[in-house]
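What's in input11.cif: mmCIF, C-alpha atoms, pLDDT in the B column; chains and numbers go by the auth columns
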data_entry
loop_
_atom_site.group_PDB
_atom_site.id
_atom_site.type_symbol
_atom_site.label_atom_id
_atom_site.label_comp_id
_atom_site.label_asym_id
_atom_site.label_seq_id
_atom_site.Cartn_x
_atom_site.Cartn_y
_atom_site.Cartn_z
_atom_site.B_iso_or_equiv
_atom_site.auth_seq_id
_atom_site.auth_asym_id
ATOM 1 C CA MET A 1 165.139 95.691 10.854 73.00 1 A
ATOM 2 C CA GLU A 2 165.153 98.934 8.888 82.00 2 A
ATOM 3 C CA ARG A 3 162.194 100.090 6.832 88.00 3 A
ATOM 4 C CA VAL A 4 162.572 101.686 3.451 94.00 4 A
ATOM 5 C CA PRO A 5 160.431 104.863 3.131 95.00 5 A
ATOM 6 C CA ILE A 6 157.922 105.117 0.284 97.00 6 A
ATOM 7 C CA LEU A 7 157.415 108.688 -0.986 96.00 7 A
ATOM 8 C CA LYS A 8 154.384 109.878 -2.943 95.00 8 A
ATOM 9 C CA LEU A 9 154.722 112.319 -5.840 93.00 9 A
ATOM 10 C CA GLY A 10 151.482 112.849 -7.770 92.00 10 A
ATOM 11 C CA ASP A 11 150.367 109.384 -8.853 93.00 11 A
ATOM 12 C CA LEU A 12 153.894 108.046 -8.533 96.00 12 A
ATOM 13 C CA LEU A 13 155.556 106.329 -5.619 97.00 13 A
ATOM 14 C CA ILE A 14 159.280 106.776 -5.189 97.00 14 A
ATOM 15 C CA VAL A 15 161.372 104.345 -3.214 97.00 15 A
ATOM 16 C CA SER A 16 165.006 105.240 -2.752 96.00 16 A
ATOM 17 C CA ILE A 17 166.955 102.459 -1.111 95.00 17 A
ATOM 18 C CA GLN A 18 169.725 103.931 1.015 91.00 18 A
ATOM 19 C CA VAL A 19 170.475 101.013 3.311 89.00 19 A
ATOM 20 C CA ASP A 20 172.325 97.738 2.911 89.00 20 A
ATOM 21 C CA LEU A 21 169.338 95.472 2.379 90.00 21 A
ATOM 22 C CA ASP A 22 168.817 92.440 4.533 92.00 22 A
ATOM 23 C CA ASP A 23 166.251 89.885 3.426 92.00 23 A
ATOM 24 C CA GLN A 24 163.653 90.917 6.001 92.00 24 A
ATOM 25 C CA THR A 25 163.837 94.556 4.898 94.00 25 A
ATOM 26 C CA VAL A 26 163.309 93.564 1.266 94.00 26 A
ATOM 27 C CA LEU A 27 160.307 91.407 2.169 94.00 27 A
ATOM 28 C CA ALA A 28 158.813 94.227 4.251 95.00 28 A
ATOM 29 C CA LEU A 29 159.309 96.657 1.348 96.00 29 A
ATOM 30 C CA LYS A 30 157.429 94.317 -0.976 96.00 30 A
ATOM 31 C CA GLU A 31 154.478 94.111 1.390 96.00 31 A
ATOM 32 C CA ASP A 32 154.473 97.829 2.216 96.00 32 A
ATOM 33 C CA LEU A 33 154.550 98.701 -1.481 97.00 33 A
ATOM 34 C CA ALA A 34 151.603 96.445 -2.322 97.00 34 A
ATOM 35 C CA GLU A 35 149.530 98.183 0.328 97.00 35 A
ATOM 36 C CA VAL A 36 150.559 101.709 -0.567 97.00 36 A
ATOM 37 C CA VAL A 37 150.054 101.179 -4.329 97.00 37 A
ATOM 38 C CA VAL A 38 146.457 100.171 -3.669 97.00 38 A
ATOM 39 C CA ALA A 39 145.744 102.679 -0.887 97.00 39 A
ATOM 40 C CA ARG A 40 147.052 105.612 -2.957 96.00 40 A
ATOM 41 C CA GLY A 41 145.948 104.366 -6.334 95.00 41 A
ATOM 42 C CA ALA A 42 149.484 104.830 -7.605 96.00 42 A
ATOM 43 C CA ARG A 43 150.065 104.298 -11.328 95.00 43 A
ATOM 44 C CA GLY A 44 153.834 104.172 -11.242 96.00 44 A
ATOM 45 C CA VAL A 45 156.527 103.001 -8.840 97.00 45 A
ATOM 46 C CA ILE A 46 160.148 104.051 -9.162 98.00 46 A
ATOM 47 C CA ILE A 47 162.725 102.098 -7.207 98.00 47 A
ATOM 48 C CA ASP A 48 166.046 103.910 -7.010 98.00 48 A
ATOM 49 C CA ILE A 49 168.945 101.556 -6.318 97.00 49 A
ATOM 50 C CA SER A 50 171.761 104.009 -7.110 97.00 50 A
ATOM 51 C CA ALA A 51 173.048 103.705 -3.533 96.00 51 A
ATOM 52 C CA VAL A 52 172.829 99.914 -3.511 96.00 52 A
ATOM 53 C CA GLU A 53 176.255 98.303 -3.813 95.00 53 A
ATOM 54 C CA ILE A 54 175.113 94.678 -3.861 95.00 54 A
ATOM 55 C CA VAL A 55 172.111 92.997 -5.452 96.00 55 A
ATOM 56 C CA ASP A 56 172.295 89.265 -4.877 94.00 56 A
ATOM 57 C CA SER A 57 169.883 86.603 -6.138 92.00 57 A
ATOM 58 C CA PHE A 58 167.427 87.161 -3.296 93.00 58 A
ATOM 59 C CA THR A 59 167.209 90.928 -3.740 94.00 59 A
ATOM 60 C CA GLY A 60 167.172 90.547 -7.516 94.00 60 A
ATOM 61 C CA ARG A 61 164.305 88.102 -7.336 93.00 61 A
ATOM 62 C CA MET A 62 162.420 90.493 -5.045 94.00 62 A
ATOM 63 C CA LEU A 63 162.857 93.349 -7.543 96.00 63 A
ATOM 64 C CA ALA A 64 161.322 91.089 -10.194 95.00 64 A
ATOM 65 C CA THR A 65 158.515 90.090 -7.823 95.00 65 A
ATOM 66 C CA ILE A 66 157.779 93.722 -6.940 96.00 66 A
ATOM 67 C CA ALA A 67 157.616 94.653 -10.633 97.00 67 A
ATOM 68 C CA GLU A 68 155.166 91.822 -11.321 96.00 68 A
ATOM 69 C CA MET A 69 153.109 92.637 -8.273 97.00 69 A
ATOM 70 C CA CYS A 70 152.830 96.282 -9.332 96.00 70 A
ATOM 71 C CA ARG A 71 151.652 95.232 -12.769 95.00 71 A
ATOM 72 C CA MET A 72 148.871 93.171 -11.231 97.00 72 A
ATOM 73 C CA LEU A 73 147.902 96.176 -9.126 97.00 73 A
ATOM 74 C CA ASP A 74 147.648 98.382 -12.228 95.00 74 A
ATOM 75 C CA ALA A 75 150.910 100.229 -11.684 96.00 75 A
ATOM 76 C CA HIS A 76 154.132 100.254 -13.674 96.00 76 A
ATOM 77 C CA ALA A 77 157.422 99.748 -11.843 97.00 77 A
ATOM 78 C CA VAL A 78 160.804 100.989 -12.988 97.00 78 A
ATOM 79 C CA VAL A 79 164.127 100.224 -11.336 98.00 79 A
ATOM 80 C CA VAL A 80 166.526 103.135 -11.766 98.00 80 A
ATOM 81 C CA GLY A 81 170.172 103.862 -11.032 98.00 81 A
ATOM 82 C CA MET A 82 171.663 100.383 -11.162 97.00 82 A
ATOM 83 C CA ARG A 83 175.427 100.582 -10.779 97.00 83 A
ATOM 84 C CA PRO A 84 177.515 99.103 -13.620 97.00 84 A
ATOM 85 C CA ALA A 85 179.218 96.619 -11.265 97.00 85 A
ATOM 86 C CA VAL A 86 175.821 95.456 -10.035 97.00 86 A
ATOM 87 C CA ALA A 87 174.582 94.897 -13.606 97.00 87 A
ATOM 88 C CA ILE A 88 177.701 92.905 -14.519 97.00 88 A
ATOM 89 C CA THR A 89 177.431 90.804 -11.370 96.00 89 A
ATOM 90 C CA LEU A 90 173.714 90.083 -11.787 95.00 90 A
ATOM 91 C CA VAL A 91 174.168 88.855 -15.347 94.00 91 A
ATOM 92 C CA GLU A 92 177.056 86.608 -14.298 93.00 92 A
ATOM 93 C CA LEU A 93 175.003 85.331 -11.405 92.00 93 A
ATOM 94 C CA GLY A 94 172.407 84.268 -13.972 90.00 94 A
ATOM 95 C CA LEU A 95 169.744 86.823 -13.144 90.00 95 A
ATOM 96 C CA SER A 96 169.064 89.308 -15.909 87.00 96 A
ATOM 97 C CA LEU A 97 165.735 90.642 -14.582 90.00 97 A
ATOM 98 C CA GLY A 98 164.033 90.236 -17.951 87.00 98 A
ATOM 99 C CA GLY A 99 160.618 91.348 -16.709 88.00 99 A
ATOM 100 C CA VAL A 100 161.842 94.460 -14.947 95.00 100 A
ATOM 101 C CA ARG A 101 161.805 97.864 -16.649 96.00 101 A
ATOM 102 C CA THR A 102 164.933 99.860 -15.938 97.00 102 A
ATOM 103 C CA ALA A 103 166.132 103.407 -16.534 97.00 103 A
ATOM 104 C CA LEU A 104 169.524 104.963 -15.920 97.00 104 A
ATOM 105 C CA ASN A 105 168.356 107.503 -13.382 97.00 105 A
ATOM 106 C CA LEU A 106 165.320 108.954 -11.624 96.00 106 A
ATOM 107 C CA GLU A 107 164.685 111.568 -14.304 96.00 107 A
ATOM 108 C CA LYS A 108 164.715 108.986 -17.086 97.00 108 A
ATOM 109 C CA GLY A 109 162.558 106.686 -14.978 96.00 109 A
ATOM 110 C CA VAL A 110 159.897 109.383 -14.630 95.00 110 A
ATOM 111 C CA ALA A 111 160.076 110.086 -18.372 95.00 111 A
ATOM 112 C CA LEU A 112 159.700 106.363 -19.136 94.00 112 A
ATOM 113 C CA LEU A 113 156.606 106.135 -16.939 93.00 113 A
ATOM 114 C CA ASP A 114 155.083 109.235 -18.562 90.00 114 A
ATOM 115 C CA HIS A 115 155.680 107.623 -21.945 86.00 115 A
ATOM 116 C CA VAL A 116 154.288 104.242 -20.896 83.00 116 A
ATOM 117 C CA ARG A 117 151.193 105.790 -19.383 76.00 117 A
ATOM 118 C CA GLY A 118 150.748 108.120 -22.358 74.00 118 A
ATOM 119 C CA ALA A 119 150.653 105.126 -24.682 64.00 119 A
ATOM 120 C CA VAL A 120 147.835 103.469 -22.768 54.00 120 A
ATOM 121 C CA PRO A 121 144.702 105.636 -22.830 47.00 121 A
ATOM 122 C CA MET B 1 199.561 90.551 6.462 46.00 1 B
ATOM 123 C CA ASN B 2 197.791 87.201 6.568 53.00 2 B
ATOM 124 C CA ALA B 3 195.021 88.695 8.579 63.00 3 B
ATOM 125 C CA GLU B 4 192.136 86.392 9.234 86.00 4 B
ATOM 126 C CA ARG B 5 188.740 87.621 10.200 92.00 5 B
ATOM 127 C CA GLU B 6 185.654 85.653 10.970 93.00 6 B
ATOM 128 C CA ALA B 7 181.995 86.182 11.561 96.00 7 B
ATOM 129 C CA ALA B 8 179.095 84.041 12.645 97.00 8 B
ATOM 130 C CA ILE B 9 176.003 83.734 10.458 97.00 9 B
ATOM 131 C CA ALA B 10 172.817 83.251 12.447 97.00 10 B
ATOM 132 C CA SER B 11 170.380 85.842 11.071 96.00 11 B
ATOM 133 C CA SER B 12 169.704 87.835 7.918 93.00 12 B
ATOM 134 C CA ALA B 13 171.332 90.830 9.630 94.00 13 B
ATOM 135 C CA ASP B 14 174.484 88.703 9.917 96.00 14 B
ATOM 136 C CA VAL B 15 174.422 88.180 6.147 96.00 15 B
ATOM 137 C CA VAL B 16 174.617 91.979 5.794 96.00 16 B
ATOM 138 C CA ALA B 17 177.477 92.029 8.323 96.00 17 B
ATOM 139 C CA VAL B 18 179.320 89.385 6.253 97.00 18 B
ATOM 140 C CA ARG B 19 178.970 91.600 3.180 97.00 19 B
ATOM 141 C CA ARG B 20 180.499 94.523 5.101 96.00 20 B
ATOM 142 C CA LEU B 21 183.356 92.391 6.388 97.00 21 B
ATOM 143 C CA VAL B 22 184.126 91.082 2.897 97.00 22 B
ATOM 144 C CA ARG B 23 183.858 94.571 1.408 97.00 23 B
ATOM 145 C CA SER B 24 186.461 96.030 3.758 96.00 24 B
ATOM 146 C CA ALA B 25 188.825 93.102 3.159 96.00 25 B
ATOM 147 C CA ALA B 26 188.308 93.340 -0.628 97.00 26 B
ATOM 148 C CA ILE B 27 189.204 97.029 -0.593 96.00 27 B
ATOM 149 C CA GLU B 28 192.264 96.299 1.543 95.00 28 B
ATOM 150 C CA VAL B 29 193.468 93.639 -0.920 95.00 29 B
ATOM 151 C CA GLY B 30 193.049 96.035 -3.830 95.00 30 B
ATOM 152 C CA LEU B 31 190.280 94.323 -5.774 97.00 31 B
ATOM 153 C CA SER B 32 188.685 96.481 -8.478 97.00 32 B
ATOM 154 C CA LEU B 33 185.194 97.805 -7.830 97.00 33 B
ATOM 155 C CA ILE B 34 183.683 95.147 -10.115 97.00 34 B
ATOM 156 C CA ASP B 35 185.651 92.342 -8.448 98.00 35 B
ATOM 157 C CA GLN B 36 184.699 93.685 -5.013 98.00 36 B
ATOM 158 C CA THR B 37 181.053 93.581 -6.058 98.00 37 B
ATOM 159 C CA LYS B 38 181.407 90.017 -7.364 97.00 38 B
ATOM 160 C CA ILE B 39 183.084 88.580 -4.262 98.00 39 B
ATOM 161 C CA ILE B 40 180.702 90.414 -1.909 98.00 40 B
ATOM 162 C CA THR B 41 177.742 89.058 -3.879 97.00 41 B
ATOM 163 C CA ALA B 42 179.191 85.529 -3.783 97.00 42 B
ATOM 164 C CA ALA B 43 179.707 85.885 -0.015 97.00 43 B
ATOM 165 C CA SER B 44 176.106 87.001 0.373 96.00 44 B
ATOM 166 C CA GLU B 45 174.832 83.966 -1.562 94.00 45 B
ATOM 167 C CA LEU B 46 176.977 81.501 0.396 95.00 46 B
ATOM 168 C CA ALA B 47 176.159 83.053 3.768 96.00 47 B
ATOM 169 C CA ARG B 48 172.452 82.920 2.982 94.00 48 B
ATOM 170 C CA ASN B 49 172.779 79.271 1.935 92.00 49 B
ATOM 171 C CA ALA B 50 174.351 78.450 5.319 94.00 50 B
ATOM 172 C CA LEU B 51 171.563 80.327 7.090 94.00 51 B
ATOM 173 C CA VAL B 52 168.731 78.780 5.058 92.00 52 B
ATOM 174 C CA TYR B 53 169.939 75.176 4.893 91.00 53 B
ATOM 175 C CA ALA B 54 171.866 74.809 8.155 93.00 54 B
ATOM 176 C CA GLY B 55 170.252 77.477 10.329 95.00 55 B
ATOM 177 C CA ARG B 56 173.670 78.932 11.051 96.00 56 B
ATOM 178 C CA GLY B 57 177.237 78.936 9.898 97.00 57 B
ATOM 179 C CA GLU B 58 180.381 80.993 9.845 97.00 58 B
ATOM 180 C CA VAL B 59 182.645 82.764 7.407 98.00 59 B
ATOM 181 C CA ARG B 60 186.403 83.122 7.608 97.00 60 B
ATOM 182 C CA VAL B 61 188.094 85.765 5.511 97.00 61 B
ATOM 183 C CA HIS B 62 191.768 85.364 4.576 96.00 62 B
ATOM 184 C CA VAL B 63 194.079 87.647 2.680 95.00 63 B
ATOM 185 C CA VAL B 64 196.200 85.378 0.480 95.00 64 B
ATOM 186 C CA GLU B 65 199.266 85.943 -1.663 94.00 65 B
ATOM 187 C CA ASN B 66 200.643 84.212 -4.723 91.00 66 B
ATOM 188 C CA GLY B 67 203.919 85.817 -5.743 91.00 67 B
ATOM 189 C CA SER B 68 203.105 89.487 -6.169 90.00 68 B
ATOM 190 C CA ARG B 69 199.389 88.845 -6.474 93.00 69 B
ATOM 191 C CA ARG B 70 197.066 89.317 -3.577 95.00 70 B
ATOM 192 C CA GLY B 71 193.671 87.855 -3.234 96.00 71 B
ATOM 193 C CA LEU B 72 190.810 87.264 -0.920 97.00 72 B
ATOM 194 C CA LYS B 73 189.843 83.795 0.201 97.00 73 B
ATOM 195 C CA LEU B 74 186.559 83.113 1.942 98.00 74 B
ATOM 196 C CA VAL B 75 185.567 79.928 3.697 98.00 75 B
ATOM 197 C CA VAL B 76 181.859 79.659 4.402 97.00 76 B
ATOM 198 C CA SER B 77 181.042 76.608 6.471 96.00 77 B
ATOM 199 C CA ASP B 78 178.111 75.119 8.281 95.00 78 B
ATOM 200 C CA GLU B 79 177.213 71.989 10.172 95.00 79 B
ATOM 201 C CA GLY B 80 173.933 71.494 8.376 91.00 80 B
ATOM 202 C CA PRO B 81 172.501 68.517 6.490 91.00 81 B
ATOM 203 C CA GLY B 82 175.156 68.666 3.779 90.00 82 B
ATOM 204 C CA ILE B 83 174.626 68.216 0.053 88.00 83 B
ATOM 205 C CA SER B 84 174.100 64.694 -1.240 82.00 84 B
ATOM 206 C CA ASP B 85 174.520 65.535 -4.923 81.00 85 B
ATOM 207 C CA VAL B 86 177.084 68.305 -5.331 82.00 86 B
ATOM 208 C CA GLU B 87 177.013 68.285 -9.148 81.00 87 B
ATOM 209 C CA ARG B 88 173.293 68.798 -9.120 81.00 88 B
ATOM 210 C CA ALA B 89 173.480 71.486 -6.433 83.00 89 B
ATOM 211 C CA LEU B 90 175.803 73.450 -8.727 84.00 90 B
ATOM 212 C CA THR B 91 173.290 73.335 -11.576 83.00 91 B
ATOM 213 C CA ASP B 92 171.446 76.586 -12.157 79.00 92 B
ATOM 214 C CA GLY B 93 167.819 76.398 -11.199 76.00 93 B
ATOM 215 C CA TRP B 94 168.152 73.339 -9.012 76.00 94 B
ATOM 216 C CA THR B 95 167.184 73.879 -5.399 78.00 95 B
ATOM 217 C CA THR B 96 165.768 71.986 -2.468 74.00 96 B
ATOM 218 C CA GLY B 97 164.712 75.289 -0.919 69.00 97 B
ATOM 219 C CA THR B 98 162.462 78.093 -2.074 65.00 98 B
ATOM 220 C CA GLY B 99 165.083 80.188 -3.860 69.00 99 B
ATOM 221 C CA LEU B 100 166.025 80.361 -7.509 66.00 100 B
ATOM 222 C CA GLY B 101 168.824 77.831 -7.276 70.00 101 B
ATOM 223 C CA LEU B 102 171.387 80.356 -8.481 76.00 102 B
ATOM 224 C CA GLY B 103 173.368 80.682 -5.249 80.00 103 B
ATOM 225 C CA LEU B 104 176.039 78.001 -5.688 89.00 104 B
ATOM 226 C CA GLY B 105 176.384 77.952 -9.459 89.00 105 B
ATOM 227 C CA GLY B 106 176.184 81.740 -9.600 90.00 106 B
ATOM 228 C CA SER B 107 178.792 82.141 -6.861 94.00 107 B
ATOM 229 C CA ARG B 108 181.123 79.830 -8.734 94.00 108 B
ATOM 230 C CA ARG B 109 180.920 82.084 -11.799 94.00 109 B
ATOM 231 C CA LEU B 110 181.679 85.195 -9.741 96.00 110 B
ATOM 232 C CA VAL B 111 185.008 83.999 -8.319 97.00 111 B
ATOM 233 C CA ASP B 112 188.342 82.697 -9.649 97.00 112 B
ATOM 234 C CA GLU B 113 188.530 79.546 -7.534 97.00 113 B
ATOM 235 C CA PHE B 114 185.668 77.561 -6.058 96.00 114 B
ATOM 236 C CA ASP B 115 185.851 74.472 -3.921 95.00 115 B
ATOM 237 C CA LEU B 116 182.922 72.750 -2.292 94.00 116 B
ATOM 238 C CA LEU B 117 183.243 70.046 0.351 93.00 117 B
ATOM 239 C CA SER B 118 180.153 68.472 1.753 92.00 118 B
ATOM 240 C CA GLU B 119 179.355 65.424 3.747 91.00 119 B
ATOM 241 C CA PRO B 120 175.706 64.464 4.209 90.00 120 B
ATOM 242 C CA GLY B 121 174.796 64.814 7.860 91.00 121 B
ATOM 243 C CA LYS B 122 178.016 66.653 8.726 93.00 122 B
ATOM 244 C CA GLY B 123 177.878 69.942 6.893 94.00 123 B
ATOM 245 C CA THR B 124 179.151 71.958 3.978 94.00 124 B
ATOM 246 C CA SER B 125 182.209 74.106 3.454 96.00 125 B
ATOM 247 C CA VAL B 126 182.662 76.323 0.420 96.00 126 B
ATOM 248 C CA THR B 127 186.002 78.006 -0.253 97.00 127 B
ATOM 249 C CA VAL B 128 186.186 80.769 -2.855 97.00 128 B
ATOM 250 C CA THR B 129 189.087 82.965 -3.935 98.00 129 B
ATOM 251 C CA LYS B 130 189.202 86.146 -5.959 97.00 130 B
ATOM 252 C CA TRP B 131 192.595 87.479 -7.103 97.00 131 B
ATOM 253 C CA ALA B 132 193.428 91.119 -7.633 95.00 132 B
ATOM 254 C CA ARG B 133 194.280 91.785 -11.293 87.00 133 B
#

Please go through the file and, once you have read it, give me the structure as structure tokens.
Amino acid sequence: MERVPILKLGDLLIVSIQVDLDDQTVLALKEDLAEVVVARGARGVIIDISAVEIVDSFTGRMLATIAEMCRMLDAHAVVVGMRPAVAITLVELGLSLGGVRTALNLEKGVALLDHVRGAVP
Amino acid sequence: MNAEREAAIASSADVVAVRRLVRSAAIEVGLSLIDQTKIITAASELARNALVYAGRGEVRVHVVENGSRRGLKLVVSDEGPGISDVERALTDGWTTGTGLGLGLGGSRRLVDEFDLLSEPGKGTSVTVTKWAR
């Protein structure tokens, strides 16, 4: 099983998924992230999926779970870089990730988090 | 040209291998990027279903032709418990497992042709086809 690295940048965590995700890797990422968010006191988590060619219902559900989990741990999660074909496929699959914040790319994801955190004193 | 490839599904790493196999066949057949993504996603759902409900299964990948059109046909089969109520199993949100219940119904929406054969106690076989446009 591969492990997805979690990078720290200020009070943000950046996760860039560069591997074809198997279910075990996704589950491990969820658990690793929960620990690191708390250990580092992170306020924001950016998950870059620009290299991910396939998001199926399992991975999609895990993205939603991670976003919810982050919220409960006082961090905001943003999924960035979703490919157009992945978005089309997810909607047709019946999974529109309603509770997940998204941004087109890393830069916009960081800007969104700055904005979100700025709005909450 | 009627190349057939197959792969066993016995672990979550095998589900990833199935996606790779289907991707290379989809590119070979000339499916658009969006259609490649749809059929690979459907394959991933069906392979996971075989793994979760039957413990193992297999996928066979066929390149098919209809006049000048080419397509990709996948047969995902297992020898698991089978599905007693196929109509219900195809309903979004219905599951006997721990997932979201989107696998079968969702896969059906992602492909052009979908055929499910299941016999309780004997297993399940799902055949899906995606045609190049």

Inset, instruction - Within 12 Å of Ser24 in chain B, counting all atoms listed in the file, which residues show up once you throw out same-chain ones fewer than 6 positions away? Write them as a PyMOL selection string, please. - result: chain B and resi 5+17-18+30-31+33+36-37+39-40+61-63+72

Taking 2 positions as the minimum chain separation for residues in the same chain, which residues sit within 12 Å of Asp114 in chain A when counting all atoms listed in the file? Answer as a PDB file with C-alpha atoms, in the frame of the given file.
ATOM      1  CA  GLY A  10     151.482 112.849  -7.770  1.00 92.00           C
ATOM      2  CA  ASP A  11     150.367 109.384  -8.853  1.00 93.00           C
ATOM      3  CA  LEU A  12     153.894 108.046  -8.533  1.00 96.00           C
ATOM      4  CA  ARG A  43     150.065 104.298 -11.328  1.00 95.00           C
ATOM      5  CA  GLY A  44     153.834 104.172 -11.242  1.00 96.00           C
ATOM      6  CA  VAL A  45     156.527 103.001  -8.840  1.00 97.00           C
ATOM      7  CA  ILE A  46     160.148 104.051  -9.162  1.00 98.00           C
ATOM      8  CA  HIS A  76     154.132 100.254 -13.674  1.00 96.00           C
ATOM      9  CA  ALA A  77     157.422  99.748 -11.843  1.00 97.00           C
ATOM     10  CA  VAL A  78     160.804 100.989 -12.988  1.00 97.00           C
ATOM     11  CA  GLU A 107     164.685 111.568 -14.304  1.00 96.00           C
ATOM     12  CA  LYS A 108     164.715 108.986 -17.086  1.00 97.00           C
ATOM     13  CA  GLY A 109     162.558 106.686 -14.978  1.00 96.00           C
ATOM     14  CA  VAL A 110     159.897 109.383 -14.630  1.00 95.00           C
ATOM     15  CA  ALA A 111     160.076 110.086 -18.372  1.00 95.00           C
ATOM     16  CA  LEU A 112     159.700 106.363 -19.136  1.00 94.00           C
ATOM     17  CA  VAL A 116     154.288 104.242 -20.896  1.00 83.00           C
ATOM     18  CA  ARG A 117     151.193 105.790 -19.383  1.00 76.00           C
ATOM     19  CA  GLY A 118     150.748 108.120 -22.358  1.00 74.00           C
ATOM     20  CA  ALA A 119     150.653 105.126 -24.682  1.00 64.00           C
ATOM     21  CA  VAL A 120     147.835 103.469 -22.768  1.00 54.00           C
ATOM     22  CA  PRO A 121     144.702 105.636 -22.830  1.00 47.00           C
TER      23      PRO A 121
END

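Of the residues listed (B:Ile9, B:Val22, B:Ile27, B:Val59), B:Val59 shows the shortest atom-to-atom separation from Val75 in chain B; distances use all atoms listed in the file.
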
**Study point:** Residues near Thr89 in chain A, cut-off 9 Å, only C-alpha atoms, skip fewer than 2 positions along chain, as a list in words
**Key:** Ile54, Val55, Asp56, Pro84, Ala85, Val86, Ala87, Val91, Glu92, Leu93, Gly94 and Leu95 of chain A; Ile34, Asp35, Thr37, Lys38, Thr41 and Leu110 of chain B

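Taking CA of Arg108 in chain B and CA of Leu90 in chain A as endpoints, the distance between them is 13.0 Å.
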
- Message: as a ChimeraX atom specification, could you give me every residue of chain B near chain A (at most 12 Å apart, counting only C-alpha atoms)?
- Response: /B:11-20,22-23,32-49,51-52,91-93,98-111

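We find CA of Gln18 in chain A and CA of Ile47 in chain A to be spaced 11.0 Å apart.
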
With distances taken over only C-alpha atoms, the candidate from B:Glu79, B:Glu113, B:Glu87, B:Glu4 nearest Ser125 in chain B is B:Glu79

Give me the result of the PyMOL selection byres ((chain A and resi 3) around 10) on this file, residue by residue, as a PyMOL selection string.
-> chain A and resi 1-2+4-6+17+19+21+24-26+28-29+32

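If you measure from each of B:Val126, B:Val29, B:Leu21, B:Ala50 to Arg69 in chain B using all atoms listed in the file, the closest one turns out to be B:Val29.
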